[in-house]
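**Student:** Following this message is one structure expressed as structure tokens.
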Amino acid sequence: MSFKICVSGAAEGDSLNPETLKKSEAVGEAIAKEDAVLVTGATTGIPHHAAKGAKKAGGISIGFSPASTRFDHMKRYQLPVNYMDLIVYTGFGYAGRNLILTRSADAVIIIGGRIGTLNEFTVAFEDRKPIGILEDSGGIADEIEEITRIAHKHECRVLYDPDPKKLVKGLISDLKEKYKADEEKLSPASVENPE
């Protein structure tokens, strides 16, 4: 089974510096090398560099666009189409796209980011998905630990690591454990005769 890992991060802004963009690309490469599928918001900045890294490593990249068509995606939103194998045109704007993007993923990695990244984090947190935070990447990523300390209302596994490869490996390990536990909960009868 190929896990789908969302990379959420700023399309523009202060957290887009050469070091963070290089690490974003390394996250995309690590996802591809773990035979996982990268999913992003089909946007510029951090998600775009993650998609570039995934492609460089021969991986699969799927983008979820806020636009309703390819023309709308490129003309009105002025978003890229390169480095993605497939773009899903949601037509739901940024907020609706964020929900679909995050729900489609098995795990989410936060790199830098602004309000949209925070929105994607809170959806993943409420859904109790495994979440990875690339430490020292600026923006929202550097504030998540404090936000969860203040607003924490249930257990959700959040990994923190400044190393892209270790962060991805940790999430993959969590996903394998999660899916193994889920499979053990299924009885043989429910697998053979699903209702």
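Just remember, in the structure tokens the first chain shown is A, the second B, etc., residues are 1-based per chain, and ligands are 1-based in the order shown.
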Would you list, as a PyMOL selection string, the residues of chain A that end up in helix (DSSP H, G or I) under DSSP run on this structure's backbone?
**Tutor:** chain A and resi 18-33+45-56+70-75+93-104+115-126+139-142+144-151+164-185+188-192
**Student:** Which residues come within 10 Å of range 119-121 of chain A, counting only C-alpha atoms, excluding same-chain residues fewer than 6 positions away, as a ChimeraX atom specification?
**Tutor:** /A:6-9,95,97-103,108-110,127,129,131-133,140-141,144
**Student:** Measuring between only C-alpha atoms, which one of A:Glu155, A:Asp85, A:Asp161, A:Glu34 shows the shortest distance to Asp136 in chain A?
**Tutor:**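 Among the listed residues, the smallest separation from Asp136 in chain A belongs to A:Asp161.
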**Student:** Return the single residue from A:Leu186, A:Val81, A:Ile87, A:Leu159 that is closest to Leu134 in chain A, with distances computed using only C-alpha atoms.
**Tutor:**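 The closest residue to Leu134 in chain A is A:Leu159.
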**Student:** Find the spatial neighbours of range 55-68 of chain A, counting only C-alpha atoms, within a cut-off of 7 Å - ignore same-chain residues fewer than 2 positions away - and output them as a PyMOL selection string.
**Tutor:** chain A and resi 29+32-33+37-42+51-53+72-73+83-94+97+101
**Student:** Using DSSP secondary structure from the backbone, list all strand (DSSP E or B) positions within range 34-156 of chain A, as JSON, numbers by chain.
**Tutor:** {"A": [37, 38, 39, 40, 60, 61, 62, 63, 64, 65, 86, 87, 88, 89, 107, 108, 109, 110, 111, 131, 132, 133, 134]}
**Student:** Choose the residue, out of A:Ser24, A:Thr117, A:Asn82, A:Ser104, that has the smallest atom-to-atom separation from Ile5 in chain A; count only C-alpha atoms.
**Tutor:**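 Nearest to Ile5 in chain A: A:Ser104.
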**Student:** Give the answer as one residue: which of A:Arg157, A:Lys185, A:Lys180, A:Arg114 has the shortest atom-to-atom distance to Glu12 in chain A, using only C-alpha atoms?
**Tutor:** A:Arg114
**Student:** Could you tell me how far CA of Thr44 in chain A lies from CA of Pro80 in chain A, in Å and to one decimal?
**Tutor:**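 Answer for the CA of Thr44 in chain A to CA of Pro80 in chain A separation: 6.6 Å.
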